[in-house]
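What follows is upload.pdb (PDB, C-alpha atoms).
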```pdb
ATOM      1  CA  MET A 159     -11.812  19.645   3.960
ATOM      2  CA  THR A 160     -11.782  16.721   1.599
ATOM      3  CA  THR A 161     -13.284  13.394   2.533
ATOM      4  CA  PRO A 162     -10.624  10.740   3.186
ATOM      5  CA  PRO A 163     -10.483   7.971   0.565
ATOM      6  CA  THR A 164     -12.502   4.852   1.360
ATOM      7  CA  LYS A 165     -11.050   2.608  -1.361
ATOM      8  CA  ILE A 166      -7.545   1.465  -2.284
ATOM      9  CA  THR A 167      -6.458  -0.799  -5.125
ATOM     10  CA  PHE A 168      -3.658  -3.358  -5.225
ATOM     11  CA  PHE A 169      -2.294  -5.583  -7.963
ATOM     12  CA  GLU A 170      -4.209  -8.852  -7.854
ATOM     13  CA  MET A 171      -0.980 -10.813  -7.236
ATOM     14  CA  LEU A 172      -0.496  -8.916  -3.944
ATOM     15  CA  THR A 173      -3.974  -9.400  -2.499
ATOM     16  CA  PRO A 174      -3.326 -12.852  -0.939
ATOM     17  CA  LEU A 175      -0.526 -11.244   1.088
ATOM     18  CA  ILE A 176      -2.927  -8.576   2.350
ATOM     19  CA  VAL A 177      -5.668 -11.066   3.229
ATOM     20  CA  SER A 178      -3.151 -13.264   5.080
ATOM     21  CA  GLY A 179      -1.956 -10.250   7.095
ATOM     22  CA  LYS A 180       1.644 -10.590   5.791
ATOM     23  CA  LYS A 181       1.631  -7.353   3.788
ATOM     24  CA  THR A 182       1.091  -4.408   6.132
ATOM     25  CA  ILE A 183       2.358  -1.403   4.170
ATOM     26  CA  THR A 184       2.018   0.006   0.697
ATOM     27  CA  ILE A 185       4.266   2.607  -0.888
ATOM     28  CA  ARG A 186       2.467   5.182  -3.020
ATOM     29  CA  ASP A 187       3.055   8.577  -4.591
ATOM     30  CA  GLU A 188       1.546  11.858  -3.436
ATOM     31  CA  SER A 189      -1.660  11.336  -5.432
ATOM     32  CA  GLU A 190      -2.437   8.405  -3.128
ATOM     33  CA  SER A 191      -1.096   9.871   0.113
ATOM     34  CA  HIS A 192      -4.393  11.244   1.392
ATOM     35  CA  TYR A 193      -5.422   8.253   3.492
ATOM     36  CA  VAL A 194      -6.211   9.131   7.102
ATOM     37  CA  PRO A 195      -5.023   7.081  10.110
ATOM     38  CA  GLY A 196      -7.945   5.487  11.934
ATOM     39  CA  THR A 197     -10.146   5.217   8.834
ATOM     40  CA  GLN A 198     -11.408   1.989   7.335
ATOM     41  CA  VAL A 199     -10.711   1.447   3.641
ATOM     42  CA  GLU A 200     -12.011  -1.161   1.213
ATOM     43  CA  VAL A 201      -9.364  -3.091  -0.738
ATOM     44  CA  PHE A 202     -10.017  -3.850  -4.402
ATOM     45  CA  THR A 203      -7.946  -5.529  -7.102
ATOM     46  CA  LEU A 204      -6.544  -3.084  -9.639
ATOM     47  CA  GLU A 205      -7.169  -5.378 -12.595
ATOM     48  CA  THR A 206     -10.751  -6.506 -11.912
ATOM     49  CA  ASP A 207     -12.015  -4.017  -9.301
ATOM     50  CA  GLU A 208     -13.106  -6.921  -7.121
ATOM     51  CA  LYS A 209     -13.441  -6.267  -3.398
ATOM     52  CA  VAL A 210     -10.944  -8.285  -1.391
ATOM     53  CA  CYS A 211     -11.171  -7.135   2.239
ATOM     54  CA  ASP A 212     -11.155  -4.094   4.520
ATOM     55  CA  ILE A 213      -8.115  -2.526   6.147
ATOM     56  CA  GLU A 214      -7.617   0.158   8.773
ATOM     57  CA  ILE A 215      -5.067   2.860   7.976
ATOM     58  CA  LEU A 216      -2.542   3.151  10.819
ATOM     59  CA  SER A 217      -0.159   5.794   9.461
ATOM     60  CA  VAL A 218       0.910   7.703   6.358
ATOM     61  CA  GLU A 219       4.539   8.826   6.375
ATOM     62  CA  PRO A 220       6.754  10.491   3.763
ATOM     63  CA  LEU A 221       9.417   8.161   2.381
ATOM     64  CA  GLN A 222      12.242   8.876  -0.061
ATOM     65  CA  PHE A 223      12.893   6.164  -2.650
ATOM     66  CA  ASP A 224      16.529   5.913  -1.496
ATOM     67  CA  ASP A 225      15.353   5.267   2.079
ATOM     68  CA  ILE A 226      13.360   2.149   1.193
ATOM     69  CA  ASN A 227      15.067  -0.648   3.128
ATOM     70  CA  GLU A 228      14.743  -4.239   4.351
ATOM     71  CA  PHE A 229      12.137  -3.190   6.929
ATOM     72  CA  HIS A 230       9.834  -1.905   4.173
ATOM     73  CA  ALA A 231      10.509  -4.994   2.069
ATOM     74  CA  GLU A 232       9.561  -7.204   5.013
ATOM     75  CA  GLN A 233       6.334  -5.234   5.588
ATOM     76  CA  GLU A 234       5.587  -5.491   1.858
ATOM     77  CA  ALA A 235       6.333  -9.245   1.938
ATOM     78  CA  LEU A 236       8.759  -8.817  -0.975
ATOM     79  CA  GLU A 237      12.534  -8.970  -1.427
ATOM     80  CA  LEU A 238      14.088  -5.498  -1.274
ATOM     81  CA  SER A 239      15.389  -5.673  -4.867
ATOM     82  CA  LYS A 240      11.963  -6.759  -6.151
ATOM     83  CA  LEU A 241      10.230  -4.046  -4.141
ATOM     84  CA  LYS A 242      12.489  -1.296  -5.512
ATOM     85  CA  THR A 243      12.109  -2.613  -9.063
ATOM     86  CA  LEU A 244       8.312  -2.721  -8.726
ATOM     87  CA  ILE A 245       8.170   0.813  -7.336
ATOM     88  CA  ARG A 246      10.392   2.099 -10.155
ATOM     89  CA  GLU A 247       8.082   0.439 -12.700
ATOM     90  CA  ILE A 248       5.046   2.167 -11.177
ATOM     91  CA  TYR A 249       6.707   5.507 -10.348
ATOM     92  CA  PRO A 250       9.703   5.813 -12.724
ATOM     93  CA  ASP A 251      10.608   9.435 -11.935
ATOM     94  CA  ILE A 252       9.298   9.952  -8.404
ATOM     95  CA  ASP A 253      11.540   9.926  -5.356
ATOM     96  CA  GLN A 254       9.093  11.450  -2.847
ATOM     97  CA  LEU A 255       6.826   8.578  -1.862
ATOM     98  CA  TYR A 256       4.601   7.708   1.096
ATOM     99  CA  ALA A 257       4.554   4.580   3.235
ATOM    100  CA  ILE A 258       0.975   3.757   4.187
ATOM    101  CA  THR A 259       0.824   1.330   7.109
ATOM    102  CA  TYR A 260      -2.384  -0.605   7.654
ATOM    103  CA  LYS A 261      -3.855  -3.624   9.367
ATOM    104  CA  LEU A 262      -6.322  -6.177   8.124
ATOM    105  CA  ILE A 263      -9.838  -5.927   9.507
ATOM    106  CA  ASN A 264     -11.413  -9.337   9.876
ATOM    107  CA  ASN A 265     -14.477  -9.450   7.685
ATOM    108  CA  GLU A 266     -16.898 -11.586   9.612
ATOM    109  CA  SER A 267     -20.106 -12.022   7.736
TER     110      SER A 267
END
```

As structure tokens:
Amino acid sequence: MTTPPTKITFFEMLTPLIVSGKKTITIRDESESHYVPGTQVEVFTLETDEKVCDIEILSVEPLQFDDINEFHAEQEALELSKLKTLIREIYPDIDQLYAITYKLINNES
């Protein structure tokens, strides 16, 4: 059995939405679908690999590109058209995606 991932990266522009608790899902392809509900994951920026916060994975569910809707856009804190455009830029030829739902863990130091 493989060890569940303990790190996830996001575009730097999205990290304020994660830290504020507004962004609660991420849509990824199969290569990033191996997160396990109930595990804690460190969030880093994709560009600078800087740690931002910790999240807890709540669920990982298959999602077809054509099924992405306003609910997902709301959870992503983006307009639906922008969300679909962004996903197509990242995954131009992939229709089988995964919605990873998570919650922010308050980092109290």

Notebook entry, point to check: Which residues match the PyMOL selection byres ((chain A and resi 189) around 12) in the file above, as an NGL selection string?
Noted result: :A and (163 or 166 or 185-188 or 190-193 or 249 or 252 or 254-256)

Let's have the selection written as a PDB file, in the coordinates of the input, with C-alpha atoms.
```pdb
ATOM      1  CA  PRO A 163     -10.483   7.971   0.565  1.00  0.00           C
ATOM      2  CA  ILE A 166      -7.545   1.465  -2.284  1.00  0.00           C
ATOM      3  CA  ILE A 185       4.266   2.607  -0.888  1.00  0.00           C
ATOM      4  CA  ARG A 186       2.467   5.182  -3.020  1.00  0.00           C
ATOM      5  CA  ASP A 187       3.055   8.577  -4.591  1.00  0.00           C
ATOM      6  CA  GLU A 188       1.546  11.858  -3.436  1.00  0.00           C
ATOM      7  CA  GLU A 190      -2.437   8.405  -3.128  1.00  0.00           C
ATOM      8  CA  SER A 191      -1.096   9.871   0.113  1.00  0.00           C
ATOM      9  CA  HIS A 192      -4.393  11.244   1.392  1.00  0.00           C
ATOM     10  CA  TYR A 193      -5.422   8.253   3.492  1.00  0.00           C
ATOM     11  CA  TYR A 249       6.707   5.507 -10.348  1.00  0.00           C
ATOM     12  CA  ILE A 252       9.298   9.952  -8.404  1.00  0.00           C
ATOM     13  CA  GLN A 254       9.093  11.450  -2.847  1.00  0.00           C
ATOM     14  CA  LEU A 255       6.826   8.578  -1.862  1.00  0.00           C
ATOM     15  CA  TYR A 256       4.601   7.708   1.096  1.00  0.00           C
TER      16      TYR A 256
END
```

Item checked: Spatial neighbours of A:Ile263, 12 Å, only C-alpha atoms, chain gap at least 3 places, as a list in words -> Ile176, Val177, Ser178, Gly179, Thr182, Gly196, Thr197, Gln198, Val199, Glu200, Val201, Val210, Cys211, Asp212, Ile213, Glu214, Ile215, Leu216, Tyr260 and Glu266 of chain A

Check: Can you tell me, as a list in words, what residues are no more than 7 Å from stretch 232-237 of chain A when counting all atoms listed in the file, ignoring any on the same chain fewer than 5 positions away?
Finding: Lys180, Lys181, Thr182, Ile183 and Thr184 of chain A

Checklist line | For atom CA of A:Pro250 and atom CA of A:Ala231, the interatomic separation in Å (one decimal) | finding: 18.3 Å

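Between atom CA of A:Lys209 and atom CA of A:Phe229 the interatomic distance comes to 27.8 Å.
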
Notebook entry, point to check: How many Å lie between atom CA of A:Leu238 and atom CA of A:Glu219, rounded to one decimal?
Noted result: 18.8 Å

Target residues per the PyMOL selection byres ((chain A and resi 167-172) around 6), formatted as a PDB file with C-alpha atoms, in the coordinates of the input:
```pdb
ATOM      1  CA  ILE A 166      -7.545   1.465  -2.284  1.00  0.00           C
ATOM      2  CA  THR A 173      -3.974  -9.400  -2.499  1.00  0.00           C
ATOM      3  CA  PRO A 174      -3.326 -12.852  -0.939  1.00  0.00           C
ATOM      4  CA  LEU A 175      -0.526 -11.244   1.088  1.00  0.00           C
ATOM      5  CA  VAL A 201      -9.364  -3.091  -0.738  1.00  0.00           C
ATOM      6  CA  PHE A 202     -10.017  -3.850  -4.402  1.00  0.00           C
ATOM      7  CA  THR A 203      -7.946  -5.529  -7.102  1.00  0.00           C
ATOM      8  CA  LEU A 204      -6.544  -3.084  -9.639  1.00  0.00           C
TER       9      LEU A 204
END
```

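The nearest approach to A:Val194 among the residues A:Lys165, A:Lys240, A:His230, A:Arg246, with all atoms listed in the file taken into account, belongs to A:Lys165.
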
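Counting all atoms listed in the file and comparing A:Asp253, A:Ile248, A:Thr243, A:Thr160, the residue that lies closest to A:Asp225 is A:Asp253.
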
Next item on the list: Considering only C-alpha atoms, state which residue in the set A:Leu241, A:Asp224, A:Asp207, A:Pro195 is at the smallest distance from A:Thr259.
Entry: A:Pro195

Coordinates of box centre and edge lengths for stretch 214-228 of chain A, 5 Å on every side, axis-aligned, as AutoDock Vina command-line options:
```
--center_x 4.5 --center_y 3.1 --center_z 4.1 --size_x 34.1 --size_y 24.7 --size_z 23.5
```

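Taking all atoms listed in the file into account, A:Leu221 lies nearest to A:Ile258 out of the set A:Ile258, A:Leu244, A:Thr206, A:Ser239.
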
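Minimum distance to A:Val218 across A:Ala257, A:Lys242, A:Glu205, A:Glu247 (counting only C-alpha atoms) occurs at A:Ala257.
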